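Structure file run09.pdb with PDB, C-alpha atoms:
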```
ATOM      1  CA  MET A   1     -24.921  63.016 -81.828
ATOM      2  CA  THR A   2     -25.566  63.697 -78.141
ATOM      3  CA  ARG A   3     -29.195  64.841 -78.123
ATOM      4  CA  ALA A   4     -31.010  63.974 -74.914
ATOM      5  CA  SER A   5     -34.301  64.779 -73.248
ATOM      6  CA  SER A   6     -34.833  66.040 -69.740
ATOM      7  CA  ALA A   7     -35.386  62.513 -68.394
ATOM      8  CA  THR A   8     -32.753  60.482 -70.202
ATOM      9  CA  VAL A   9     -29.131  61.059 -69.163
ATOM     10  CA  VAL A  10     -26.557  60.768 -71.961
ATOM     11  CA  ASP A  11     -22.846  60.377 -71.274
ATOM     12  CA  PRO A  12     -21.472  63.844 -72.168
ATOM     13  CA  SER A  13     -18.028  62.420 -72.931
ATOM     14  CA  ARG A  14     -19.304  60.222 -75.754
ATOM     15  CA  VAL A  15     -20.396  60.919 -79.307
ATOM     16  CA  LEU A  16     -23.176  58.449 -79.939
ATOM     17  CA  ARG A  17     -23.293  56.295 -83.035
ATOM     18  CA  ALA A  18     -25.725  57.275 -85.774
ATOM     19  CA  GLU A  19     -27.476  53.913 -85.309
ATOM     20  CA  PHE A  20     -28.607  55.042 -81.843
ATOM     21  CA  GLU A  21     -30.507  58.102 -83.133
ATOM     22  CA  PRO A  22     -33.959  56.412 -83.282
ATOM     23  CA  TYR A  23     -33.637  54.902 -79.813
ATOM     24  CA  LEU A  24     -33.093  57.985 -77.640
ATOM     25  CA  PRO A  25     -36.724  59.188 -77.926
ATOM     26  CA  LEU A  26     -37.913  55.644 -77.208
ATOM     27  CA  MET A  27     -36.096  55.659 -73.872
ATOM     28  CA  ASP A  28     -38.299  58.423 -72.455
ATOM     29  CA  PHE A  29     -41.329  56.849 -74.100
ATOM     30  CA  PHE A  30     -40.775  53.488 -72.395
ATOM     31  CA  ALA A  31     -40.028  55.133 -69.037
ATOM     32  CA  GLU A  32     -43.173  57.253 -69.160
ATOM     33  CA  LEU A  33     -45.303  54.373 -70.403
ATOM     34  CA  LEU A  34     -44.054  51.809 -67.881
ATOM     35  CA  GLY A  35     -43.396  54.117 -64.925
ATOM     36  CA  PRO A  36     -40.555  55.031 -62.574
ATOM     37  CA  ARG A  37     -39.798  51.397 -61.709
ATOM     38  CA  THR A  38     -38.598  50.790 -65.269
ATOM     39  CA  GLU A  39     -34.954  51.471 -66.094
ATOM     40  CA  VAL A  40     -34.034  51.957 -69.761
ATOM     41  CA  VAL A  41     -30.387  51.485 -70.725
ATOM     42  CA  LEU A  42     -28.559  52.095 -74.007
ATOM     43  CA  HIS A  43     -25.323  50.102 -74.340
ATOM     44  CA  ASP A  44     -22.559  50.797 -76.875
ATOM     45  CA  THR A  45     -20.633  47.548 -77.397
ATOM     46  CA  SER A  46     -17.523  49.291 -78.733
ATOM     47  CA  ASP A  47     -16.244  49.880 -75.174
ATOM     48  CA  LEU A  48     -17.497  47.247 -72.737
ATOM     49  CA  SER A  49     -15.820  48.829 -69.723
ATOM     50  CA  ARG A  50     -18.089  51.904 -70.065
ATOM     51  CA  SER A  51     -20.812  50.680 -72.368
ATOM     52  CA  ILE A  52     -23.741  52.556 -70.760
ATOM     53  CA  VAL A  53     -24.013  55.673 -72.926
ATOM     54  CA  ALA A  54     -27.596  56.683 -72.063
ATOM     55  CA  LEU A  55     -29.795  55.874 -69.094
ATOM     56  CA  THR A  56     -33.330  56.582 -67.910
ATOM     57  CA  ASN A  57     -34.418  55.905 -64.296
ATOM     58  CA  GLY A  58     -30.963  54.780 -63.226
ATOM     59  CA  HIS A  59     -32.163  54.719 -59.603
ATOM     60  CA  VAL A  60     -33.800  51.357 -60.338
ATOM     61  CA  SER A  61     -30.467  49.479 -60.398
ATOM     62  CA  GLY A  62     -28.241  52.223 -58.987
ATOM     63  CA  ARG A  63     -26.107  52.398 -62.124
ATOM     64  CA  SER A  64     -25.084  55.501 -64.059
ATOM     65  CA  VAL A  65     -23.810  56.462 -67.519
ATOM     66  CA  GLY A  66     -20.248  55.304 -68.018
ATOM     67  CA  GLY A  67     -21.024  52.010 -66.307
ATOM     68  CA  PRO A  68     -19.913  48.673 -67.777
ATOM     69  CA  ALA A  69     -21.693  46.037 -69.783
ATOM     70  CA  THR A  70     -23.418  43.128 -68.035
ATOM     71  CA  ASP A  71     -22.432  39.476 -68.038
ATOM     72  CA  LEU A  72     -25.253  38.793 -70.514
ATOM     73  CA  VAL A  73     -23.858  41.382 -72.941
ATOM     74  CA  LEU A  74     -20.447  39.703 -72.726
ATOM     75  CA  LYS A  75     -21.914  36.249 -73.410
ATOM     76  CA  VAL A  76     -23.966  37.491 -76.368
ATOM     77  CA  LEU A  77     -20.928  39.099 -77.982
ATOM     78  CA  GLN A  78     -18.577  36.229 -77.191
ATOM     79  CA  ASN A  79     -20.728  33.302 -78.286
ATOM     80  CA  HIS A  80     -22.968  34.804 -80.999
ATOM     81  CA  GLU A  81     -25.782  32.654 -79.586
ATOM     82  CA  HIS A  82     -28.485  35.114 -80.590
ATOM     83  CA  ASP A  83     -27.298  36.161 -84.046
ATOM     84  CA  ASP A  84     -30.640  35.011 -85.471
ATOM     85  CA  ARG A  85     -32.739  37.000 -82.988
ATOM     86  CA  ASP A  86     -33.705  40.647 -82.724
ATOM     87  CA  TYR A  87     -34.335  40.659 -78.990
ATOM     88  CA  LEU A  88     -34.540  38.701 -75.722
ATOM     89  CA  ALA A  89     -37.635  39.315 -73.604
ATOM     90  CA  ASN A  90     -38.744  38.792 -70.005
ATOM     91  CA  TYR A  91     -35.718  37.094 -68.459
ATOM     92  CA  LEU A  92     -34.652  37.432 -64.821
ATOM     93  CA  ALA A  93     -31.886  39.892 -63.972
ATOM     94  CA  GLU A  94     -30.274  40.661 -60.635
ATOM     95  CA  SER A  95     -28.427  43.700 -59.293
ATOM     96  CA  ARG A  96     -25.331  43.551 -57.130
ATOM     97  CA  THR A  97     -27.471  44.563 -54.133
ATOM     98  CA  GLY A  98     -29.837  41.626 -54.638
ATOM     99  CA  GLY A  99     -32.690  43.395 -56.406
ATOM    100  CA  THR A 100     -34.378  41.371 -59.127
ATOM    101  CA  PHE A 101     -35.867  42.628 -62.387
ATOM    102  CA  ARG A 102     -37.876  41.417 -65.359
ATOM    103  CA  SER A 103     -35.567  42.398 -68.172
ATOM    104  CA  SER A 104     -35.553  42.546 -71.962
ATOM    105  CA  THR A 105     -32.873  43.429 -74.501
ATOM    106  CA  PHE A 106     -33.218  44.660 -78.093
ATOM    107  CA  PHE A 107     -30.140  44.242 -80.320
ATOM    108  CA  ILE A 108     -29.092  47.297 -82.328
ATOM    109  CA  ARG A 109     -27.219  46.367 -85.506
ATOM    110  CA  ASP A 110     -25.185  48.291 -88.048
ATOM    111  CA  ALA A 111     -25.601  48.061 -91.821
ATOM    112  CA  ALA A 112     -23.512  44.870 -91.862
ATOM    113  CA  GLY A 113     -25.789  43.208 -89.301
ATOM    114  CA  ASP A 114     -23.278  43.279 -86.440
ATOM    115  CA  VAL A 115     -24.499  44.106 -82.927
ATOM    116  CA  VAL A 116     -23.209  47.591 -82.084
ATOM    117  CA  GLY A 117     -25.538  48.368 -79.204
ATOM    118  CA  MET A 118     -28.360  47.105 -77.030
ATOM    119  CA  LEU A 119     -31.467  48.802 -75.677
ATOM    120  CA  CYS A 120     -32.392  47.194 -72.364
ATOM    121  CA  LEU A 121     -35.422  47.512 -70.088
ATOM    122  CA  ASN A 122     -35.188  46.438 -66.457
ATOM    123  CA  ILE A 123     -38.556  46.426 -64.684
ATOM    124  CA  ASP A 124     -38.803  46.240 -60.904
ATOM    125  CA  ASP A 125     -41.899  44.092 -60.385
ATOM    126  CA  GLU A 126     -41.378  43.730 -56.635
ATOM    127  CA  PRO A 127     -44.719  45.331 -55.584
ATOM    128  CA  LEU A 128     -46.576  43.163 -58.112
ATOM    129  CA  ALA A 129     -44.750  40.075 -56.863
ATOM    130  CA  ARG A 130     -45.775  40.908 -53.291
ATOM    131  CA  ALA A 131     -49.383  41.306 -54.413
ATOM    132  CA  ARG A 132     -49.202  37.983 -56.293
ATOM    133  CA  ASP A 133     -47.831  36.205 -53.225
ATOM    134  CA  LEU A 134     -50.565  37.704 -51.039
ATOM    135  CA  LEU A 135     -53.274  36.591 -53.464
ATOM    136  CA  MET A 136     -51.811  33.112 -53.641
ATOM    137  CA  ALA A 137     -51.696  32.916 -49.840
ATOM    138  CA  ILE A 138     -55.322  33.910 -49.341
ATOM    139  CA  THR A 139     -56.763  31.914 -52.242
ATOM    140  CA  ALA A 140     -54.830  28.671 -51.770
ATOM    141  CA  THR A 141     -56.900  25.538 -51.106
ATOM    142  CA  THR A 142     -55.820  22.466 -49.169
ATOM    143  CA  GLY A 143     -57.514  19.865 -51.338
ATOM    144  CA  LEU A 144     -59.054  18.243 -48.248
ATOM    145  CA  VAL A 145     -62.688  17.115 -48.011
ATOM    146  CA  LYS A 146     -64.614  15.764 -45.042
ATOM    147  CA  GLY A 147     -63.211  12.424 -44.016
ATOM    148  CA  ALA A 148     -60.041  12.719 -46.091
ATOM    149  CA  GLY A 149     -56.715  12.594 -44.311
ATOM    150  CA  PRO A 150     -53.862  15.016 -44.788
ATOM    151  CA  GLY A 151     -52.306  12.654 -47.290
ATOM    152  CA  GLY A 152     -55.198  13.133 -49.702
ATOM    153  CA  GLY A 153     -56.468   9.555 -49.453
ATOM    154  CA  PRO A 154     -59.558   8.191 -51.198
ATOM    155  CA  GLY A 155     -61.873  11.231 -50.841
ATOM    156  CA  ALA A 156     -59.284  13.878 -51.714
ATOM    157  CA  ALA A 157     -60.620  16.597 -53.966
ATOM    158  CA  THR A 158     -59.589  16.454 -57.565
ATOM    159  CA  GLY A 159     -59.358  19.075 -60.254
ATOM    160  CA  ALA A 160     -60.835  18.901 -63.715
ATOM    161  CA  SER A 161     -57.931  16.770 -64.895
ATOM    162  CA  GLY A 162     -58.500  14.251 -62.114
ATOM    163  CA  ALA A 163     -55.330  15.228 -60.248
ATOM    164  CA  ALA A 164     -55.504  16.002 -56.546
ATOM    165  CA  THR A 165     -55.637  19.748 -55.879
ATOM    166  CA  GLY A 166     -53.103  20.476 -53.161
ATOM    167  CA  SER A 167     -52.051  23.880 -51.841
ATOM    168  CA  THR A 168     -51.159  26.328 -54.567
ATOM    169  CA  ALA A 169     -47.389  26.351 -54.974
ATOM    170  CA  HIS A 170     -45.215  29.284 -55.830
ATOM    171  CA  PRO A 171     -43.768  29.095 -59.312
ATOM    172  CA  ALA A 172     -40.245  27.715 -59.452
ATOM    173  CA  ALA A 173     -37.664  30.449 -59.277
ATOM    174  CA  ALA A 174     -36.360  31.352 -62.729
ATOM    175  CA  PRO A 175     -32.602  31.193 -63.223
ATOM    176  CA  VAL A 176     -30.824  34.540 -63.197
ATOM    177  CA  ALA A 177     -29.815  35.325 -66.789
ATOM    178  CA  GLU A 178     -28.077  38.655 -66.188
ATOM    179  CA  ARG A 179     -26.346  40.549 -63.383
ATOM    180  CA  LEU A 180     -26.272  44.323 -63.418
ATOM    181  CA  SER A 181     -22.798  45.377 -62.272
ATOM    182  CA  MET A 182     -21.880  48.851 -61.052
ATOM    183  CA  ASN A 183     -18.342  48.942 -62.476
ATOM    184  CA  VAL A 184     -16.094  46.913 -64.739
ATOM    185  CA  ASP A 185     -13.970  45.437 -61.925
ATOM    186  CA  GLU A 186     -17.121  44.163 -60.234
ATOM    187  CA  LEU A 187     -18.346  42.710 -63.524
ATOM    188  CA  ALA A 188     -15.139  40.728 -64.075
ATOM    189  CA  LEU A 189     -14.667  39.677 -60.460
ATOM    190  CA  ASP A 190     -18.258  38.507 -60.100
ATOM    191  CA  GLY A 191     -18.089  36.450 -63.285
ATOM    192  CA  VAL A 192     -14.759  34.861 -62.392
ATOM    193  CA  ALA A 193     -15.770  34.144 -58.787
ATOM    194  CA  ARG A 194     -19.029  32.434 -59.779
ATOM    195  CA  ILE A 195     -17.347  30.255 -62.400
ATOM    196  CA  VAL A 196     -14.465  29.256 -60.123
ATOM    197  CA  ALA A 197     -16.875  28.459 -57.276
ATOM    198  CA  ALA A 198     -18.969  26.313 -59.627
ATOM    199  CA  GLN A 199     -15.996  24.006 -60.151
ATOM    200  CA  GLY A 200     -16.537  22.713 -56.609
ATOM    201  CA  VAL A 201     -12.831  22.698 -55.757
ATOM    202  CA  GLU A 202     -10.822  25.323 -53.909
ATOM    203  CA  PRO A 203      -8.469  27.014 -56.425
ATOM    204  CA  HIS A 204      -5.326  26.057 -54.526
ATOM    205  CA  ARG A 205      -6.423  22.395 -54.715
ATOM    206  CA  MET A 206      -7.284  22.420 -58.425
ATOM    207  CA  THR A 207      -5.300  20.328 -60.854
ATOM    208  CA  PRO A 208      -4.014  22.018 -64.028
ATOM    209  CA  ASP A 209      -6.816  20.297 -65.982
ATOM    210  CA  GLU A 210      -9.421  21.694 -63.568
ATOM    211  CA  LYS A 211      -7.958  25.172 -63.966
ATOM    212  CA  VAL A 212      -8.102  24.833 -67.744
ATOM    213  CA  ALA A 213     -11.758  23.807 -67.386
ATOM    214  CA  ALA A 214     -12.407  26.943 -65.323
ATOM    215  CA  VAL A 215     -10.670  29.101 -67.931
ATOM    216  CA  ARG A 216     -12.800  27.449 -70.629
ATOM    217  CA  GLU A 217     -15.981  28.540 -68.808
ATOM    218  CA  ILE A 218     -14.561  32.017 -68.218
ATOM    219  CA  GLU A 219     -13.804  32.264 -71.932
ATOM    220  CA  ARG A 220     -17.381  31.169 -72.805
ATOM    221  CA  ALA A 221     -18.722  33.827 -70.451
ATOM    222  CA  GLY A 222     -16.865  36.510 -72.417
ATOM    223  CA  VAL A 223     -14.917  37.731 -69.383
ATOM    224  CA  PHE A 224     -11.690  37.979 -71.397
ATOM    225  CA  LEU A 225     -13.331  40.696 -73.509
ATOM    226  CA  LEU A 226     -12.711  43.000 -70.521
ATOM    227  CA  LYS A 227      -9.423  44.788 -69.946
ATOM    228  CA  GLY A 228      -7.585  43.492 -66.895
ATOM    229  CA  ALA A 229      -9.475  40.212 -66.794
ATOM    230  CA  VAL A 230      -6.345  38.074 -67.132
ATOM    231  CA  ALA A 231      -4.891  39.509 -63.925
ATOM    232  CA  GLN A 232      -8.117  38.852 -62.038
ATOM    233  CA  VAL A 233      -8.330  35.280 -63.349
ATOM    234  CA  ALA A 234      -4.692  34.685 -62.379
ATOM    235  CA  GLU A 235      -5.377  35.864 -58.840
ATOM    236  CA  ALA A 236      -8.557  33.792 -58.545
ATOM    237  CA  LEU A 237      -6.880  30.601 -59.769
ATOM    238  CA  HIS A 238      -3.631  31.176 -57.843
ATOM    239  CA  VAL A 239      -1.486  31.074 -60.996
ATOM    240  CA  SER A 240       0.652  33.574 -62.890
ATOM    241  CA  GLU A 241      -0.642  35.735 -65.731
ATOM    242  CA  PRO A 242       1.564  33.902 -68.290
ATOM    243  CA  THR A 243      -0.058  30.662 -67.126
ATOM    244  CA  VAL A 244      -3.527  32.128 -67.732
ATOM    245  CA  TYR A 245      -2.457  33.204 -71.237
ATOM    246  CA  ARG A 246      -1.219  29.640 -71.838
ATOM    247  CA  TYR A 247      -4.529  28.188 -70.644
ATOM    248  CA  VAL A 248      -6.453  30.601 -72.880
ATOM    249  CA  ARG A 249      -4.383  29.584 -75.912
ATOM    250  CA  GLN A 250      -5.015  25.945 -75.086
ATOM    251  CA  VAL A 251      -8.778  26.529 -74.806
ATOM    252  CA  ARG A 252      -8.947  28.513 -78.042
ATOM    253  CA  GLN A 253      -7.034  25.764 -79.837
ATOM    254  CA  GLY A 254      -9.602  23.241 -78.699
ATOM    255  CA  GLY A 255      -7.724  21.831 -75.734
TER     256      GLY A 255
END
```

What do you get writing this file as structure tokens?
Amino acid sequence: MTRASSATVVDPSRVLRAEFEPYLPLMDFFAELLGPRTEVVLHDTSDLSRSIVALTNGHVSGRSVGGPATDLVLKVLQNHEHDDRDYLANYLAESRTGGTFRSSTFFIRDAAGDVVGMLCLNIDDEPLARARDLLMAITATTGLVKGAGPGGGPGAATGASGAATGSTAHPAAAPVAERLSMNVDELALDGVARIVAAQGVEPHRMTPDEKVAAVREIERAGVFLLKGAVAQVAEALHVSEPTVYRYVRQVRQGG
């Protein structure tokens, strides 16, 4: 099954699963409904190194069919954290070039209930965010009244709840839940680099226990689901590939 519309690009080298049949028409529907700043992606989880099998508005993230899964896809498949959910909605995603998106993922399951694909929407809200920031800037109030000092002393204005009304603050930045990688090497390298950096110790100064801890986090992130990941982890941690395999066995045995 390789049917596609004029807007949605389907990987011509792949025969799509029967479960994907209902979702291809929805891809054009979502793109037309939500506009050209919305990217719609169909992932096939059977091959994570080239999981993007259909794509609408790929210019939004710069990806193309044949591209790899994301770090979120890896974590979902590795940890089964969302087995009781049908979808994830409105989380923050980030592209390799620094673009940010409001993203959502719908899990496509086979007859046995296993996740075999994901339909993802990545919405570039940047113009709306700019408009929001402008409105916040021109509508913000200081909370000061005549005779009140900058510290909001006894005369400071209060809101309905009785709390002082200071300048309107920007919402706290949401944590990035997903990174949209252009190729499988980038996906693995980015995941490994972030996890190793988070350990707070240069790899050549890490103790064996610290390297095992890094491998444990890499395993949780699903990076070892990717072909070639062991070699990249070995290089990042300054150890041999057999050592990485030993660490992985130790982690999987509960060590």

Point-to-point distance from atom CA of Arg109 of chain A to atom CA of Val10 of chain A, Å rounded to tenths:
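For atom CA of Arg109 of chain A relative to atom CA of Val10 of chain A, the distance reads 19.8 Å.
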
Counting only C-alpha atoms, write as a PyMOL selection string all protein and nucleic acid residues lying at most 6 Å from (-16.2, 47.7, -66.3) in the file's frame.
chain A and resi 49-50+68+183-185

With all atoms listed in the file as the counted atoms, please give the residues lying no more than 10 Å from Ala213 of chain A, apart from itself and same-chain residues fewer than 6 positions off, as a PDB file with C-alpha atoms, in the frame of the given file.
```
ATOM      1  CA  ILE A 195     -17.347  30.255 -62.400  1.00  0.00           C
ATOM      2  CA  VAL A 196     -14.465  29.256 -60.123  1.00  0.00           C
ATOM      3  CA  GLN A 199     -15.996  24.006 -60.151  1.00  0.00           C
ATOM      4  CA  THR A 207      -5.300  20.328 -60.854  1.00  0.00           C
ATOM      5  CA  GLU A 219     -13.804  32.264 -71.932  1.00  0.00           C
ATOM      6  CA  TYR A 247      -4.529  28.188 -70.644  1.00  0.00           C
ATOM      7  CA  VAL A 251      -8.778  26.529 -74.806  1.00  0.00           C
ATOM      8  CA  GLY A 255      -7.724  21.831 -75.734  1.00  0.00           C
TER       9      GLY A 255
END
```

Closest of A:Ala236, A:Ala229, A:Val248, A:Leu55 to Leu121 of chain A - atom-to-atom distances counting all atoms listed in the file:
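Among A:Ala236, A:Ala229, A:Val248, A:Leu55, it is A:Leu55 that comes nearest to Leu121 of chain A.
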
Written as a PyMOL selection string, which residues does the PyMOL selection byres ((chain A and resi 43) around 6) give for the file shown?
chain A and resi 42+44+51-53+117-118

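Non-sequential neighbours of Ala231 of chain A (distance at most 12 Å, separation of 2 or more positions within a chain, only C-alpha atoms) are Asp185, Ala188, Leu189, Val192, Val223, Phe224, Leu226, Lys227, Gly228, Ala229, Val233, Ala234, Glu235, Ala236, Leu237, His238, Val239, Ser240, Glu241, Pro242, Thr243, Val244 and Tyr245 of chain A.
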
Mind telling me what the PyMOL selection byres ((chain A and resi 76-93) around 12) catches here, as a PyMOL selection string?
chain A and resi 44-46+48+61+69-75+94-109+113-125+173-181+217-226

Go ahead and save the picked residues with C-alpha atoms, as an mmCIF file, in the coordinates of the input.
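Contents of out.cif, as written:
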```cif
data_model
loop_
_atom_site.group_PDB
_atom_site.id
_atom_site.type_symbol
_atom_site.label_atom_id
_atom_site.label_comp_id
_atom_site.auth_asym_id
_atom_site.auth_seq_id
_atom_site.Cartn_x
_atom_site.Cartn_y
_atom_site.Cartn_z
ATOM 1 C CA ASP A 44 -22.559 50.797 -76.875
ATOM 2 C CA THR A 45 -20.633 47.548 -77.397
ATOM 3 C CA SER A 46 -17.523 49.291 -78.733
ATOM 4 C CA LEU A 48 -17.497 47.247 -72.737
ATOM 5 C CA SER A 61 -30.467 49.479 -60.398
ATOM 6 C CA ALA A 69 -21.693 46.037 -69.783
ATOM 7 C CA THR A 70 -23.418 43.128 -68.035
ATOM 8 C CA ASP A 71 -22.432 39.476 -68.038
ATOM 9 C CA LEU A 72 -25.253 38.793 -70.514
ATOM 10 C CA VAL A 73 -23.858 41.382 -72.941
ATOM 11 C CA LEU A 74 -20.447 39.703 -72.726
ATOM 12 C CA LYS A 75 -21.914 36.249 -73.410
ATOM 13 C CA GLU A 94 -30.274 40.661 -60.635
ATOM 14 C CA SER A 95 -28.427 43.700 -59.293
ATOM 15 C CA ARG A 96 -25.331 43.551 -57.130
ATOM 16 C CA THR A 97 -27.471 44.563 -54.133
ATOM 17 C CA GLY A 98 -29.837 41.626 -54.638
ATOM 18 C CA GLY A 99 -32.690 43.395 -56.406
ATOM 19 C CA THR A 100 -34.378 41.371 -59.127
ATOM 20 C CA PHE A 101 -35.867 42.628 -62.387
ATOM 21 C CA ARG A 102 -37.876 41.417 -65.359
ATOM 22 C CA SER A 103 -35.567 42.398 -68.172
ATOM 23 C CA SER A 104 -35.553 42.546 -71.962
ATOM 24 C CA THR A 105 -32.873 43.429 -74.501
ATOM 25 C CA PHE A 106 -33.218 44.660 -78.093
ATOM 26 C CA PHE A 107 -30.140 44.242 -80.320
ATOM 27 C CA ILE A 108 -29.092 47.297 -82.328
ATOM 28 C CA ARG A 109 -27.219 46.367 -85.506
ATOM 29 C CA GLY A 113 -25.789 43.208 -89.301
ATOM 30 C CA ASP A 114 -23.278 43.279 -86.440
ATOM 31 C CA VAL A 115 -24.499 44.106 -82.927
ATOM 32 C CA VAL A 116 -23.209 47.591 -82.084
ATOM 33 C CA GLY A 117 -25.538 48.368 -79.204
ATOM 34 C CA MET A 118 -28.360 47.105 -77.030
ATOM 35 C CA LEU A 119 -31.467 48.802 -75.677
ATOM 36 C CA CYS A 120 -32.392 47.194 -72.364
ATOM 37 C CA LEU A 121 -35.422 47.512 -70.088
ATOM 38 C CA ASN A 122 -35.188 46.438 -66.457
ATOM 39 C CA ILE A 123 -38.556 46.426 -64.684
ATOM 40 C CA ASP A 124 -38.803 46.240 -60.904
ATOM 41 C CA ASP A 125 -41.899 44.092 -60.385
ATOM 42 C CA ALA A 173 -37.664 30.449 -59.277
ATOM 43 C CA ALA A 174 -36.360 31.352 -62.729
ATOM 44 C CA PRO A 175 -32.602 31.193 -63.223
ATOM 45 C CA VAL A 176 -30.824 34.540 -63.197
ATOM 46 C CA ALA A 177 -29.815 35.325 -66.789
ATOM 47 C CA GLU A 178 -28.077 38.655 -66.188
ATOM 48 C CA ARG A 179 -26.346 40.549 -63.383
ATOM 49 C CA LEU A 180 -26.272 44.323 -63.418
ATOM 50 C CA SER A 181 -22.798 45.377 -62.272
ATOM 51 C CA GLU A 217 -15.981 28.540 -68.808
ATOM 52 C CA ILE A 218 -14.561 32.017 -68.218
ATOM 53 C CA GLU A 219 -13.804 32.264 -71.932
ATOM 54 C CA ARG A 220 -17.381 31.169 -72.805
ATOM 55 C CA ALA A 221 -18.722 33.827 -70.451
ATOM 56 C CA GLY A 222 -16.865 36.510 -72.417
ATOM 57 C CA VAL A 223 -14.917 37.731 -69.383
ATOM 58 C CA PHE A 224 -11.690 37.979 -71.397
ATOM 59 C CA LEU A 225 -13.331 40.696 -73.509
ATOM 60 C CA LEU A 226 -12.711 43.000 -70.521
#
```

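Rounded to one decimal, atom CA of Ser64 of chain A and atom CA of Val230 of chain A lie 25.8 Å from each other.
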
By how many Å are atom CA of Val65 of chain A and atom CA of Val9 of chain A apart?
7.2 Å

Give me the box for segment 78-82 of chain A as JSON, namely the centre and edge lengths in Å to one decimal of a box along x, y and z that holds every listed atom plus 3 Å on each side.
```
{"center_x": -23.5, "center_y": 34.4, "center_z": -79.1, "size_x": 15.9, "size_y": 9.6, "size_z": 9.8}
```

Evaluate the PyMOL selection byres ((chain A and resi 35) around 12) here and jot the selected residues down as a list of chain:residue names.
A:Met27, A:Asp28, A:Phe29, A:Phe30, A:Ala31, A:Glu32, A:Leu33, A:Leu34, A:Pro36, A:Arg37, A:Thr38, A:Glu39, A:Val40, A:Thr56, A:Asn57, A:Val60, A:Leu121, A:Asn122, A:Ile123, A:Asp124, A:Asp125

Where atoms are absent from segment 28-40 of chain A, fill them in so it carries N, CA and C atoms, then output it as an mmCIF file, keeping the file's coordinate frame.
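Produced file out17.cif, reproduced below:
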```
data_model
loop_
_atom_site.group_PDB
_atom_site.id
_atom_site.type_symbol
_atom_site.label_atom_id
_atom_site.label_comp_id
_atom_site.auth_asym_id
_atom_site.auth_seq_id
_atom_site.Cartn_x
_atom_site.Cartn_y
_atom_site.Cartn_z
ATOM 1 N N ASP A 28 -37.325 57.678 -73.252
ATOM 2 C CA ASP A 28 -38.299 58.423 -72.455
ATOM 3 C C ASP A 28 -39.699 57.849 -72.628
ATOM 4 N N PHE A 29 -40.003 57.416 -73.828
ATOM 5 C CA PHE A 29 -41.329 56.849 -74.100
ATOM 6 C C PHE A 29 -41.577 55.625 -73.223
ATOM 7 N N PHE A 30 -40.613 54.688 -73.200
ATOM 8 C CA PHE A 30 -40.775 53.488 -72.395
ATOM 9 C C PHE A 30 -40.863 53.828 -70.909
ATOM 10 N N ALA A 31 -40.026 54.771 -70.456
ATOM 11 C CA ALA A 31 -40.028 55.133 -69.037
ATOM 12 C C ALA A 31 -41.349 55.758 -68.623
ATOM 13 N N GLU A 32 -41.897 56.620 -69.490
ATOM 14 C CA GLU A 32 -43.173 57.253 -69.160
ATOM 15 C C GLU A 32 -44.318 56.253 -69.250
ATOM 16 N N LEU A 33 -44.248 55.359 -70.227
ATOM 17 C CA LEU A 33 -45.303 54.373 -70.403
ATOM 18 C C LEU A 33 -45.327 53.365 -69.254
ATOM 19 N N LEU A 34 -44.142 52.904 -68.847
ATOM 20 C CA LEU A 34 -44.054 51.809 -67.881
ATOM 21 C C LEU A 34 -43.825 52.281 -66.452
ATOM 22 N N GLY A 35 -43.478 53.566 -66.267
ATOM 23 C CA GLY A 35 -43.396 54.117 -64.925
ATOM 24 C C GLY A 35 -41.993 54.174 -64.351
ATOM 25 N N PRO A 36 -41.874 54.773 -63.162
ATOM 26 C CA PRO A 36 -40.555 55.031 -62.574
ATOM 27 C C PRO A 36 -39.823 53.787 -62.095
ATOM 28 N N ARG A 37 -40.482 52.635 -62.090
ATOM 29 C CA ARG A 37 -39.798 51.397 -61.709
ATOM 30 C C ARG A 37 -39.194 50.690 -62.923
ATOM 31 N N THR A 38 -39.201 51.355 -64.056
ATOM 32 C CA THR A 38 -38.598 50.790 -65.269
ATOM 33 C C THR A 38 -37.340 51.577 -65.629
ATOM 34 N N GLU A 39 -36.225 50.881 -65.679
ATOM 35 C CA GLU A 39 -34.954 51.471 -66.094
ATOM 36 C C GLU A 39 -34.738 51.149 -67.573
ATOM 37 N N VAL A 40 -34.318 52.155 -68.340
ATOM 38 C CA VAL A 40 -34.034 51.957 -69.761
ATOM 39 C C VAL A 40 -32.560 52.289 -69.982
#
```
